[in-house]
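A.B. asks: If you scroll down you'll find the structure; I have some questions about it.
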Amino acid sequence: MNAGIVAFSAAGVALGRRIAGLFESWGWSVSLSAPARLAGEGVTAVESSSGWAKEHFNSCRCLVVVGSCGLAVRLVAPHLRSKTTDPAVLVADDGGRFVVSLLSGHLGGANRLAARVADALGGAAVVTTATDGRGLTAIDTWAADRGLRIENPPLIAPVSALLLDGGAPGWWSDEDIEVPDGFEARAEGPVGAACSARILSDPFERTLWLRPPVLSLGVGCRRGVSFQALKAELERFASAVRWSVRSIVRVASVDLKKNEPGLLALAESLSAAPQFFSADGLMALLGNFSRSEWVISNVGVDCVCERAAMAVSGGGRLVEGKWKGSGVTFALARLGGEDSR
């Protein structure tokens with residue numbers, strides 16, 4: 001993970017070095033920047049603060065501005081896109097007395113990062129999100145802590161609003177996972193959250209869907225198939241078999257496909273590092289798989305998609321066998337072992 005820090009005074013640079021050391025001790029890659037007059041060893045000169053923000057906003061998981069909140073707002077405002085993708089933004093005064101969680105407090109982790117930094121500096125974290133201030137469950141943070149992926153972020157607001165108004169949102173899940181504090185296990189009502197890898201009917205009138213990271217996707221594809229074509233076919237496949245693509249966390253194929261740009265882009269779009277296996281390695285897997293004589297003669301594997309899904313599943317089980325689309329085949333496996341939740 002990358003963090004970018006920028007400071008605008010000598011005291012701010014000194015504090016920035018301390019904050020950079022903290023992030024590095026947590027395993028982050030860190031850059032520290034400042035105006036040219038303050039640049040030096042370990043401090044990169046910036047020509048303009050707006051240029052720094054443009055460069056770092058999309059490449060870092062966390063930005064730290066050592067300066068005023070007003071300055072930080074002006075720097076990041078042109079680049080804001082979505083609470084699901086924007087990085088955490090912290091603001092610290094150059095004395096280290098306060099560390100403000102300015103942006104992406106929940107999903108981006110800014111609230112917790114502000115608390116960790118402030119604690120290390122001997123300062124105070126400033127967190128203004130309503131659920132945190134009231135000691136209530138922030139469902140987006142709760143989900144992120146458990147690796148759950150939020151499918152429809154606009155529904156976070158009504159769930160949180162009900163909690164803040166003293167109500168109990170509903171909770172339904174077919175996964176082995178605890179009920180969030182303040183929620184009530186039921187399958188009906190006006191507002192609630194649900195957790196499943198399956199595409200199901202909404203249990204609540206307004207349902208926030210949380211998707212567990214439990215599926216591996218095996219892919220066989222024609223040479224040169226585009227990312228757009230693969231994405232469209234994956235959406236067709238998921239709709240047909242009623243599994244959520246947001247639960248896919250592993251993608252695999254035969255090693256003949258390791259340089260296919262479309263397949264690599266598909267894996268990236270799913271936030272899944274692709275894995276590739278030799279034909280012999282795939283054929284060595286035990287089990288009952290579909291068989292194509294053409295694929296055997298041209299690739300050396302009877303069914304790339306099914307075997308690849310199983311090869312990367314960690315000892316899981318096949319939940320959807322070979323599905324044939326236009327220029328592509330897909331299969332899904334449920335992860336096994338500790339990865340199966």
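Identifiers in this document derive from the order of the structure tokens: chains are assigned A, B, ..., residues are numbered from 1 separately in each chain, and ligands are numbered from 1 in order of occurrence.
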Write out as an MDAnalysis selection string which residues come within 9 Å of segment 39-54 of chain A when counting only C-alpha atoms, dropping same-chain ones fewer than 3 positions away.
C.D. replies: chainID A and resid 6 13 17 31:36 57:58 63 74:76 78:79
A.B. asks: Distance table requested - segment 127-239 of chain A against segment 80-92 of chain A, cut-off 12 Å, only C-alpha atoms: one row per qualifying residue with the closest atom pair and its distance in Å to one decimal, ordered by chain and rising residue number, as a Markdown table.
C.D. replies:
| residue | atom | partner | partner_atom | distance |
| --- | --- | --- | --- | --- |
| A:Val127 | CA | A:Leu90 | CA | 10.3 |
| A:Asp140 | CA | A:Thr84 | CA | 9.5 |
| A:Thr141 | CA | A:Thr84 | CA | 11.3 |
| A:Ala144 | CA | A:Thr84 | CA | 10.7 |
| A:Arg149 | CA | A:Thr84 | CA | 9.8 |
| A:Ile150 | CA | A:Thr84 | CA | 8.5 |
| A:Glu151 | CA | A:Thr84 | CA | 10.0 |
| A:Asn152 | CA | A:Thr84 | CA | 10.0 |
| A:Pro153 | CA | A:Thr84 | CA | 7.4 |
| A:Pro154 | CA | A:Lys83 | CA | 9.7 |
| A:Ile156 | CA | A:Lys83 | CA | 10.7 |
| A:Ala157 | CA | A:Lys83 | CA | 11.7 |
A.B. asks: I'd like the interatomic distance between atom CA of Cys221 of chain A and atom CA of Ser253 of chain A, to a tenth of an Å.
C.D. replies: 8.8 Å
A.B. asks: Under the rule that only C-alpha atoms are counted, which of A:Ala232, A:Leu335, A:Ala138, A:Cys303 is the nearest residue to Pro212 of chain A?
C.D. replies: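 Closest to Pro212 of chain A of all the choices is A:Leu335.
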A.B. asks: Quick check, in Å to one decimal: how far apart do atom CA of Val214 of chain A and atom CA of Ala273 of chain A lie?
C.D. replies: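 Result for atom CA of Val214 of chain A versus atom CA of Ala273 of chain A: 14.5 Å, one decimal.
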A.B. asks: If you run DSSP on the backbone here, which positions in segment 11-104 of chain A get helix (DSSP H, G or I)? Please write them as number ranges by chain.
C.D. replies: A: 11-25, 36-38, 49-57, 69-79
A.B. asks: Can you write just those residues out, N, CA, C and O atoms, as a compact mmCIF listing (two decimals), in the first residue's frame?
C.D. replies:
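Writing done, so here's part_24.txt:
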# COMPACT_ATOMS: atom_id res chain seq x y z
N ALA A 11 8.48 22.89 10.22
CA ALA A 11 7.92 22.05 11.28
C ALA A 11 7.06 20.94 10.69
O ALA A 11 7.05 19.81 11.18
N GLY A 12 6.35 21.28 9.62
CA GLY A 12 5.51 20.28 8.97
C GLY A 12 6.32 19.16 8.34
O GLY A 12 5.94 17.99 8.41
N VAL A 13 7.47 19.50 7.75
CA VAL A 13 8.33 18.48 7.17
C VAL A 13 8.87 17.56 8.26
O VAL A 13 8.93 16.34 8.10
N ALA A 14 9.26 18.15 9.39
CA ALA A 14 9.75 17.34 10.50
C ALA A 14 8.68 16.37 10.98
O ALA A 14 8.94 15.18 11.23
N LEU A 15 7.44 16.86 11.07
CA LEU A 15 6.34 15.98 11.47
C LEU A 15 6.06 14.96 10.38
O LEU A 15 5.78 13.79 10.67
N GLY A 16 6.16 15.39 9.13
CA GLY A 16 5.94 14.47 8.02
C GLY A 16 6.91 13.31 8.05
O GLY A 16 6.55 12.18 7.72
N ARG A 17 8.16 13.59 8.43
CA ARG A 17 9.14 12.50 8.55
C ARG A 17 8.71 11.50 9.62
O ARG A 17 8.84 10.28 9.44
N ARG A 18 8.18 12.00 10.73
CA ARG A 18 7.73 11.10 11.78
C ARG A 18 6.55 10.25 11.31
O ARG A 18 6.50 9.04 11.55
N ILE A 19 5.61 10.89 10.61
CA ILE A 19 4.44 10.16 10.11
C ILE A 19 4.87 9.14 9.06
O ILE A 19 4.38 8.00 9.03
N ALA A 20 5.82 9.53 8.21
CA ALA A 20 6.32 8.58 7.20
C ALA A 20 6.93 7.37 7.86
O ALA A 20 6.73 6.22 7.42
N GLY A 21 7.67 7.59 8.94
CA GLY A 21 8.27 6.47 9.67
C GLY A 21 7.22 5.53 10.23
O GLY A 21 7.40 4.30 10.24
N LEU A 22 6.10 6.10 10.69
CA LEU A 22 5.01 5.27 11.21
C LEU A 22 4.45 4.37 10.12
O LEU A 22 4.31 3.15 10.30
N PHE A 23 4.11 4.97 8.98
CA PHE A 23 3.54 4.19 7.89
C PHE A 23 4.52 3.12 7.41
O PHE A 23 4.12 1.98 7.11
N GLU A 24 5.79 3.46 7.33
CA GLU A 24 6.78 2.46 6.91
C GLU A 24 6.86 1.30 7.89
O GLU A 24 7.02 0.14 7.50
N SER A 25 6.72 1.61 9.18
CA SER A 25 6.75 0.53 10.18
C SER A 25 5.52 -0.37 10.08
O SER A 25 5.54 -1.50 10.56
N ALA A 36 10.04 23.34 -2.91
CA ALA A 36 11.47 23.19 -3.21
C ALA A 36 12.35 23.73 -2.09
O ALA A 36 13.42 23.16 -1.80
N ARG A 37 11.94 24.80 -1.44
CA ARG A 37 12.78 25.40 -0.40
C ARG A 37 12.96 24.48 0.80
O ARG A 37 13.89 24.65 1.60
N LEU A 38 12.05 23.50 0.93
CA LEU A 38 12.10 22.58 2.07
C LEU A 38 12.55 21.18 1.67
O LEU A 38 12.68 20.31 2.53
N SER A 49 1.16 22.39 -5.34
CA SER A 49 0.40 21.49 -4.47
C SER A 49 -0.72 20.80 -5.23
O SER A 49 -1.03 19.62 -4.99
N SER A 50 -1.33 21.50 -6.19
CA SER A 50 -2.40 20.87 -6.97
C SER A 50 -1.84 19.74 -7.83
O SER A 50 -2.50 18.71 -8.03
N GLY A 51 -0.62 19.93 -8.35
CA GLY A 51 0.02 18.87 -9.12
C GLY A 51 0.31 17.65 -8.26
O GLY A 51 0.17 16.50 -8.71
N TRP A 52 0.72 17.90 -7.02
CA TRP A 52 0.97 16.79 -6.10
C TRP A 52 -0.32 16.00 -5.87
O TRP A 52 -0.32 14.77 -5.90
N ALA A 53 -1.41 16.73 -5.64
CA ALA A 53 -2.69 16.05 -5.37
C ALA A 53 -3.13 15.23 -6.58
O ALA A 53 -3.57 14.08 -6.43
N LYS A 54 -2.99 15.78 -7.76
CA LYS A 54 -3.40 15.06 -8.98
C LYS A 54 -2.59 13.78 -9.15
O LYS A 54 -3.12 12.73 -9.51
N GLU A 55 -1.29 13.86 -8.87
CA GLU A 55 -0.40 12.71 -9.04
C GLU A 55 -0.68 11.61 -8.03
O GLU A 55 -0.66 10.42 -8.34
N HIS A 56 -0.95 12.01 -6.78
CA HIS A 56 -1.02 11.02 -5.70
C HIS A 56 -2.43 10.50 -5.41
O HIS A 56 -2.57 9.44 -4.81
N PHE A 57 -3.47 11.24 -5.80
CA PHE A 57 -4.82 10.86 -5.41
C PHE A 57 -5.19 9.47 -5.94
O PHE A 57 -5.82 8.68 -5.24
N CYS A 69 -7.10 22.19 7.19
CA CYS A 69 -8.17 21.41 6.55
C CYS A 69 -8.63 22.11 5.27
O CYS A 69 -8.94 21.45 4.27
N GLY A 70 -8.68 23.43 5.30
CA GLY A 70 -9.10 24.18 4.12
C GLY A 70 -8.20 23.89 2.94
O GLY A 70 -8.67 23.68 1.81
N LEU A 71 -6.89 23.88 3.18
CA LEU A 71 -5.94 23.58 2.11
C LEU A 71 -6.16 22.17 1.59
O LEU A 71 -6.19 21.94 0.37
N ALA A 72 -6.34 21.23 2.50
CA ALA A 72 -6.54 19.84 2.09
C ALA A 72 -7.79 19.68 1.25
O ALA A 72 -7.80 18.97 0.24
N VAL A 73 -8.87 20.37 1.63
CA VAL A 73 -10.12 20.30 0.87
C VAL A 73 -9.90 20.80 -0.55
O VAL A 73 -10.34 20.19 -1.53
N ARG A 74 -9.21 21.91 -0.68
CA ARG A 74 -8.97 22.47 -2.02
C ARG A 74 -8.10 21.54 -2.86
O ARG A 74 -8.26 21.45 -4.09
N LEU A 75 -7.18 20.85 -2.23
CA LEU A 75 -6.29 19.96 -2.97
C LEU A 75 -7.03 18.75 -3.53
O LEU A 75 -6.82 18.34 -4.68
N VAL A 76 -7.88 18.14 -2.71
CA VAL A 76 -8.49 16.86 -3.13
C VAL A 76 -9.84 17.03 -3.82
O VAL A 76 -10.26 16.12 -4.54
N ALA A 77 -10.51 18.15 -3.62
CA ALA A 77 -11.87 18.31 -4.15
C ALA A 77 -12.00 18.01 -5.64
O ALA A 77 -12.96 17.34 -6.06
N PRO A 78 -11.08 18.47 -6.50
CA PRO A 78 -11.25 18.20 -7.94
C PRO A 78 -11.17 16.72 -8.32
O PRO A 78 -11.52 16.35 -9.44
N HIS A 79 -10.70 15.89 -7.40
CA HIS A 79 -10.42 14.50 -7.75
C HIS A 79 -11.40 13.51 -7.12
O HIS A 79 -11.28 12.29 -7.33
A.B. asks: Return the single residue from A:Leu148, A:Leu210, A:Leu155, A:Ala110 that is closest to Trp172 of chain A, with distances computed using only C-alpha atoms.
C.D. replies: A:Leu210
A.B. asks: Nearest to Val304 of chain A: which of A:Leu234, A:Val100, A:Leu285, A:Ala114 is it, counting only C-alpha atoms?
C.D. replies: A:Leu285
A.B. asks: Quick one: everything within 10 Å of Val319 of chain A, counting only C-alpha atoms, minus sequence neighbours fewer than 6 positions away in the same chain. Send it as a list in words.
C.D. replies: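 Close residues of Val319 of chain A: Leu215, Ser216, Val241, Trp243, Glu306, Ala309, Met310, Ala331, Leu332, Ala333, Arg334 and Leu335 of chain A.
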A.B. asks: Out of segment 154-329 of chain A, which residues get strand (DSSP E) from DSSP, as an mmCIF file with N, CA, C and O atoms, in the first residue's frame?
C.D. replies:
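And here is the file that came out, out_6.cif:
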data_model
loop_
_atom_site.group_PDB
_atom_site.id
_atom_site.type_symbol
_atom_site.label_atom_id
_atom_site.label_comp_id
_atom_site.auth_asym_id
_atom_site.auth_seq_id
_atom_site.Cartn_x
_atom_site.Cartn_y
_atom_site.Cartn_z
ATOM 1 N N GLY A 170 -32.481 -4.742 9.827
ATOM 2 C CA GLY A 170 -32.532 -6.195 9.732
ATOM 3 C C GLY A 170 -31.209 -6.760 9.254
ATOM 4 O O GLY A 170 -30.389 -6.076 8.650
ATOM 5 N N TRP A 171 -31.010 -8.036 9.527
ATOM 6 C CA TRP A 171 -29.802 -8.735 9.081
ATOM 7 C C TRP A 171 -30.169 -10.133 8.645
ATOM 8 O O TRP A 171 -30.845 -10.872 9.357
ATOM 9 N N TRP A 172 -29.726 -10.497 7.427
ATOM 10 C CA TRP A 172 -29.914 -11.854 6.922
ATOM 11 C C TRP A 172 -28.627 -12.305 6.247
ATOM 12 O O TRP A 172 -27.969 -11.517 5.550
ATOM 13 N N SER A 173 -28.235 -13.558 6.450
ATOM 14 C CA SER A 173 -27.030 -14.082 5.821
ATOM 15 C C SER A 173 -27.124 -15.594 5.667
ATOM 16 O O SER A 173 -27.683 -16.275 6.533
ATOM 17 N N GLU A 184 -30.705 -6.687 13.833
ATOM 18 C CA GLU A 184 -31.599 -7.741 14.311
ATOM 19 C C GLU A 184 -31.763 -8.807 13.229
ATOM 20 O O GLU A 184 -32.114 -8.487 12.085
ATOM 21 N N ALA A 185 -31.472 -10.063 13.584
ATOM 22 C CA ALA A 185 -31.570 -11.157 12.615
ATOM 23 C C ALA A 185 -33.030 -11.383 12.236
ATOM 24 O O ALA A 185 -33.851 -11.773 13.066
ATOM 25 N N VAL A 191 -35.674 -1.797 6.088
ATOM 26 C CA VAL A 191 -34.253 -1.546 5.827
ATOM 27 C C VAL A 191 -33.420 -2.633 6.487
ATOM 28 O O VAL A 191 -33.692 -3.049 7.617
ATOM 29 N N GLY A 192 -32.395 -3.104 5.790
ATOM 30 C CA GLY A 192 -31.502 -4.083 6.394
ATOM 31 C C GLY A 192 -30.322 -4.389 5.501
ATOM 32 O O GLY A 192 -30.197 -3.872 4.389
ATOM 33 N N ALA A 193 -29.445 -5.239 6.000
ATOM 34 C CA ALA A 193 -28.267 -5.687 5.250
ATOM 35 C C ALA A 193 -28.318 -7.194 5.107
ATOM 36 O O ALA A 193 -28.831 -7.898 5.986
ATOM 37 N N ALA A 194 -27.788 -7.686 4.000
ATOM 38 C CA ALA A 194 -27.786 -9.125 3.738
ATOM 39 C C ALA A 194 -26.425 -9.526 3.199
ATOM 40 O O ALA A 194 -25.771 -8.760 2.489
ATOM 41 N N CYS A 195 -26.003 -10.744 3.541
ATOM 42 C CA CYS A 195 -24.687 -11.240 3.136
ATOM 43 C C CYS A 195 -24.838 -12.581 2.442
ATOM 44 O O CYS A 195 -25.318 -13.546 3.041
ATOM 45 N N ARG A 206 -35.412 -2.191 1.346
ATOM 46 C CA ARG A 206 -34.136 -1.612 0.911
ATOM 47 C C ARG A 206 -33.027 -2.448 1.536
ATOM 48 O O ARG A 206 -32.826 -2.430 2.748
ATOM 49 N N THR A 207 -32.314 -3.170 0.681
ATOM 50 C CA THR A 207 -31.336 -4.152 1.155
ATOM 51 C C THR A 207 -29.928 -3.756 0.729
ATOM 52 O O THR A 207 -29.644 -3.611 -0.461
ATOM 53 N N LEU A 208 -29.059 -3.599 1.711
ATOM 54 C CA LEU A 208 -27.636 -3.394 1.458
ATOM 55 C C LEU A 208 -26.991 -4.774 1.322
ATOM 56 O O LEU A 208 -26.991 -5.560 2.268
ATOM 57 N N TRP A 209 -26.451 -5.085 0.135
ATOM 58 C CA TRP A 209 -25.872 -6.404 -0.096
ATOM 59 C C TRP A 209 -24.373 -6.397 0.155
ATOM 60 O O TRP A 209 -23.638 -5.563 -0.390
ATOM 61 N N LEU A 210 -23.923 -7.338 0.977
ATOM 62 C CA LEU A 210 -22.506 -7.541 1.270
ATOM 63 C C LEU A 210 -22.100 -8.882 0.667
ATOM 64 O O LEU A 210 -22.738 -9.898 0.908
ATOM 65 N N ARG A 211 -21.020 -8.863 -0.111
ATOM 66 C CA ARG A 211 -20.602 -10.065 -0.821
ATOM 67 C C ARG A 211 -19.324 -10.639 -0.214
ATOM 68 O O ARG A 211 -18.298 -9.967 -0.171
ATOM 69 N N LEU A 215 -15.220 -16.996 -3.960
ATOM 70 C CA LEU A 215 -15.302 -17.698 -5.231
ATOM 71 C C LEU A 215 -14.020 -17.563 -6.050
ATOM 72 O O LEU A 215 -13.367 -16.520 -6.043
ATOM 73 N N SER A 216 -13.696 -18.643 -6.772
ATOM 74 C CA SER A 216 -12.616 -18.599 -7.755
ATOM 75 C C SER A 216 -13.216 -18.827 -9.136
ATOM 76 O O SER A 216 -14.127 -19.643 -9.302
ATOM 77 N N LEU A 217 -12.703 -18.069 -10.095
ATOM 78 C CA LEU A 217 -13.215 -18.116 -11.459
ATOM 79 C C LEU A 217 -12.182 -18.761 -12.375
ATOM 80 O O LEU A 217 -11.039 -18.308 -12.460
ATOM 81 N N GLY A 218 -12.575 -19.830 -13.044
ATOM 82 C CA GLY A 218 -11.737 -20.448 -14.061
ATOM 83 C C GLY A 218 -12.152 -19.957 -15.430
ATOM 84 O O GLY A 218 -13.352 -19.858 -15.718
ATOM 85 N N VAL A 219 -11.167 -19.621 -16.271
ATOM 86 C CA VAL A 219 -11.465 -19.014 -17.565
ATOM 87 C C VAL A 219 -10.736 -19.750 -18.688
ATOM 88 O O VAL A 219 -9.528 -19.995 -18.601
ATOM 89 N N GLY A 220 -11.463 -20.091 -19.718
ATOM 90 C CA GLY A 220 -10.882 -20.515 -20.982
ATOM 91 C C GLY A 220 -11.337 -19.521 -22.028
ATOM 92 O O GLY A 220 -12.496 -19.105 -22.017
ATOM 93 N N CYS A 221 -10.450 -19.082 -22.902
ATOM 94 C CA CYS A 221 -10.876 -18.057 -23.850
ATOM 95 C C CYS A 221 -10.138 -18.163 -25.183
ATOM 96 O O CYS A 221 -9.039 -18.711 -25.268
ATOM 97 N N ILE A 248 -16.043 -12.954 -6.406
ATOM 98 C CA ILE A 248 -14.898 -13.585 -7.086
ATOM 99 C C ILE A 248 -13.607 -12.896 -6.650
ATOM 100 O O ILE A 248 -13.444 -11.688 -6.835
ATOM 101 N N VAL A 249 -12.705 -13.666 -6.051
ATOM 102 C CA VAL A 249 -11.445 -13.091 -5.576
ATOM 103 C C VAL A 249 -10.221 -13.762 -6.181
ATOM 104 O O VAL A 249 -9.096 -13.336 -5.948
ATOM 105 N N ARG A 250 -10.433 -14.827 -6.950
ATOM 106 C CA ARG A 250 -9.330 -15.497 -7.634
ATOM 107 C C ARG A 250 -9.742 -15.808 -9.063
ATOM 108 O O ARG A 250 -10.883 -16.193 -9.307
ATOM 109 N N VAL A 251 -8.796 -15.617 -9.977
ATOM 110 C CA VAL A 251 -9.022 -15.891 -11.394
ATOM 111 C C VAL A 251 -7.877 -16.757 -11.898
ATOM 112 O O VAL A 251 -6.712 -16.494 -11.577
ATOM 113 N N ALA A 252 -8.189 -17.778 -12.680
ATOM 114 C CA ALA A 252 -7.143 -18.698 -13.138
ATOM 115 C C ALA A 252 -7.434 -19.213 -14.537
ATOM 116 O O ALA A 252 -8.585 -19.272 -14.980
ATOM 117 N N SER A 253 -6.350 -19.602 -15.211
ATOM 118 C CA SER A 253 -6.466 -20.203 -16.527
ATOM 119 C C SER A 253 -5.204 -21.018 -16.799
ATOM 120 O O SER A 253 -4.309 -21.117 -15.949
ATOM 121 N N VAL A 254 -5.120 -21.560 -17.999
ATOM 122 C CA VAL A 254 -3.936 -22.307 -18.413
ATOM 123 C C VAL A 254 -2.833 -21.316 -18.777
ATOM 124 O O VAL A 254 -3.120 -20.176 -19.194
ATOM 125 N N PRO A 274 -4.353 -12.730 -11.228
ATOM 126 C CA PRO A 274 -4.562 -13.966 -11.998
ATOM 127 C C PRO A 274 -3.459 -14.983 -11.743
ATOM 128 O O PRO A 274 -2.311 -14.631 -11.492
ATOM 129 N N GLN A 275 -3.836 -16.246 -11.796
ATOM 130 C CA GLN A 275 -2.873 -17.333 -11.660
ATOM 131 C C GLN A 275 -3.005 -18.262 -12.859
ATOM 132 O O GLN A 275 -4.116 -18.488 -13.351
ATOM 133 N N PHE A 276 -1.870 -18.765 -13.314
ATOM 134 C CA PHE A 276 -1.854 -19.603 -14.504
ATOM 135 C C PHE A 276 -1.144 -20.918 -14.207
ATOM 136 O O PHE A 276 -0.152 -20.952 -13.479
ATOM 137 N N PHE A 277 -1.676 -21.984 -14.795
ATOM 138 C CA PHE A 277 -1.178 -23.327 -14.528
ATOM 139 C C PHE A 277 -0.842 -24.021 -15.843
ATOM 140 O O PHE A 277 -1.487 -23.789 -16.870
ATOM 141 N N ARG A 317 -14.636 -26.615 -3.773
ATOM 142 C CA ARG A 317 -15.520 -27.478 -4.551
ATOM 143 C C ARG A 317 -16.088 -26.692 -5.730
ATOM 144 O O ARG A 317 -16.295 -25.466 -5.642
ATOM 145 N N LEU A 318 -16.337 -27.389 -6.814
ATOM 146 C CA LEU A 318 -16.906 -26.772 -7.997
ATOM 147 C C LEU A 318 -18.389 -26.498 -7.748
ATOM 148 O O LEU A 318 -19.150 -27.394 -7.412
ATOM 149 N N VAL A 319 -18.804 -25.252 -7.920
ATOM 150 C CA VAL A 319 -20.209 -24.908 -7.693
ATOM 151 C C VAL A 319 -20.937 -24.596 -8.994
ATOM 152 O O VAL A 319 -22.166 -24.651 -9.046
ATOM 153 N N GLU A 320 -20.196 -24.244 -10.046
ATOM 154 C CA GLU A 320 -20.797 -24.059 -11.359
ATOM 155 C C GLU A 320 -19.828 -24.601 -12.397
ATOM 156 O O GLU A 320 -18.699 -24.120 -12.523
ATOM 157 N N GLY A 321 -20.272 -25.633 -13.118
ATOM 158 C CA GLY A 321 -19.431 -26.227 -14.142
ATOM 159 C C GLY A 321 -19.343 -25.377 -15.387
ATOM 160 O O GLY A 321 -19.821 -24.230 -15.442
ATOM 161 N N LYS A 322 -18.749 -25.926 -16.402
ATOM 162 C CA LYS A 322 -18.445 -25.209 -17.644
ATOM 163 C C LYS A 322 -19.673 -24.507 -18.220
ATOM 164 O O LYS A 322 -20.719 -25.102 -18.436
ATOM 165 N N TRP A 323 -19.505 -23.201 -18.447
ATOM 166 C CA TRP A 323 -20.523 -22.372 -19.101
ATOM 167 C C TRP A 323 -19.883 -21.787 -20.339
ATOM 168 O O TRP A 323 -18.818 -21.173 -20.268
ATOM 169 N N LYS A 324 -20.502 -21.978 -21.464
ATOM 170 C CA LYS A 324 -19.900 -21.548 -22.725
ATOM 171 C C LYS A 324 -20.571 -20.288 -23.242
ATOM 172 O O LYS A 324 -21.782 -20.253 -23.459
ATOM 173 N N VAL A 328 -15.520 -17.650 -24.959
ATOM 174 C CA VAL A 328 -15.025 -17.829 -23.591
ATOM 175 C C VAL A 328 -15.802 -18.934 -22.895
ATOM 176 O O VAL A 328 -16.973 -19.196 -23.218
ATOM 177 N N THR A 329 -15.150 -19.607 -21.967
ATOM 178 C CA THR A 329 -15.840 -20.527 -21.055
ATOM 179 C C THR A 329 -15.495 -20.124 -19.630
ATOM 180 O O THR A 329 -14.374 -19.681 -19.339
#
A.B. asks: Take atom CA of Arg97 of chain A and atom CA of Ile5 of chain A and report the distance between them in Å, one decimal.
C.D. replies: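 These two atoms are separated by 16.9 Å.
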A.B. asks: Fewer than 3 positions away in the same chain doesn't count, so skip those; otherwise give me all residues within 8 Å of Leu136 of chain A, counting only C-alpha atoms, as a list in words.
C.D. replies: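 The filter keeps Thr131, Asp132, Gly133, Leu163, Leu164, Asp181 and Gly182 of chain A.
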A.B. asks: Can I get the selected residues back with N, CA, C and O atoms, as an mmCIF file, in the first residue's frame?
C.D. replies:
data_model
loop_
_atom_site.group_PDB
_atom_site.id
_atom_site.type_symbol
_atom_site.label_atom_id
_atom_site.label_comp_id
_atom_site.auth_asym_id
_atom_site.auth_seq_id
_atom_site.Cartn_x
_atom_site.Cartn_y
_atom_site.Cartn_z
ATOM 1 N N THR A 131 -21.842 7.620 13.113
ATOM 2 C CA THR A 131 -21.917 6.341 13.814
ATOM 3 C C THR A 131 -20.758 6.174 14.792
ATOM 4 O O THR A 131 -20.939 5.669 15.904
ATOM 5 N N ASP A 132 -19.567 6.609 14.387
ATOM 6 C CA ASP A 132 -18.414 6.505 15.289
ATOM 7 C C ASP A 132 -18.595 7.391 16.509
ATOM 8 O O ASP A 132 -18.261 6.996 17.631
ATOM 9 N N GLY A 133 -19.121 8.601 16.286
ATOM 10 C CA GLY A 133 -19.327 9.512 17.404
ATOM 11 C C GLY A 133 -20.326 8.995 18.410
ATOM 12 O O GLY A 133 -20.248 9.302 19.598
ATOM 13 N N LEU A 163 -29.987 3.242 12.317
ATOM 14 C CA LEU A 163 -29.229 3.064 13.557
ATOM 15 C C LEU A 163 -29.170 4.368 14.348
ATOM 16 O O LEU A 163 -29.381 4.390 15.571
ATOM 17 N N LEU A 164 -28.887 5.463 13.657
ATOM 18 C CA LEU A 164 -28.769 6.758 14.328
ATOM 19 C C LEU A 164 -30.102 7.220 14.919
ATOM 20 O O LEU A 164 -30.127 7.958 15.909
ATOM 21 N N ASP A 181 -23.463 -5.684 15.630
ATOM 22 C CA ASP A 181 -24.060 -5.041 16.795
ATOM 23 C C ASP A 181 -25.095 -4.002 16.355
ATOM 24 O O ASP A 181 -24.852 -3.196 15.444
ATOM 25 N N GLY A 182 -26.254 -4.043 17.003
ATOM 26 C CA GLY A 182 -27.312 -3.087 16.696
ATOM 27 C C GLY A 182 -28.261 -3.557 15.613
ATOM 28 O O GLY A 182 -29.292 -2.927 15.380
#
A.B. asks: Which of these, A:Cys305, A:Val225, A:Val245, A:Leu113, has the shortest distance to Ala265 of chain A once you count only C-alpha atoms?
C.D. replies: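 Among the listed residues, A:Val225 lies closest to Ala265 of chain A.
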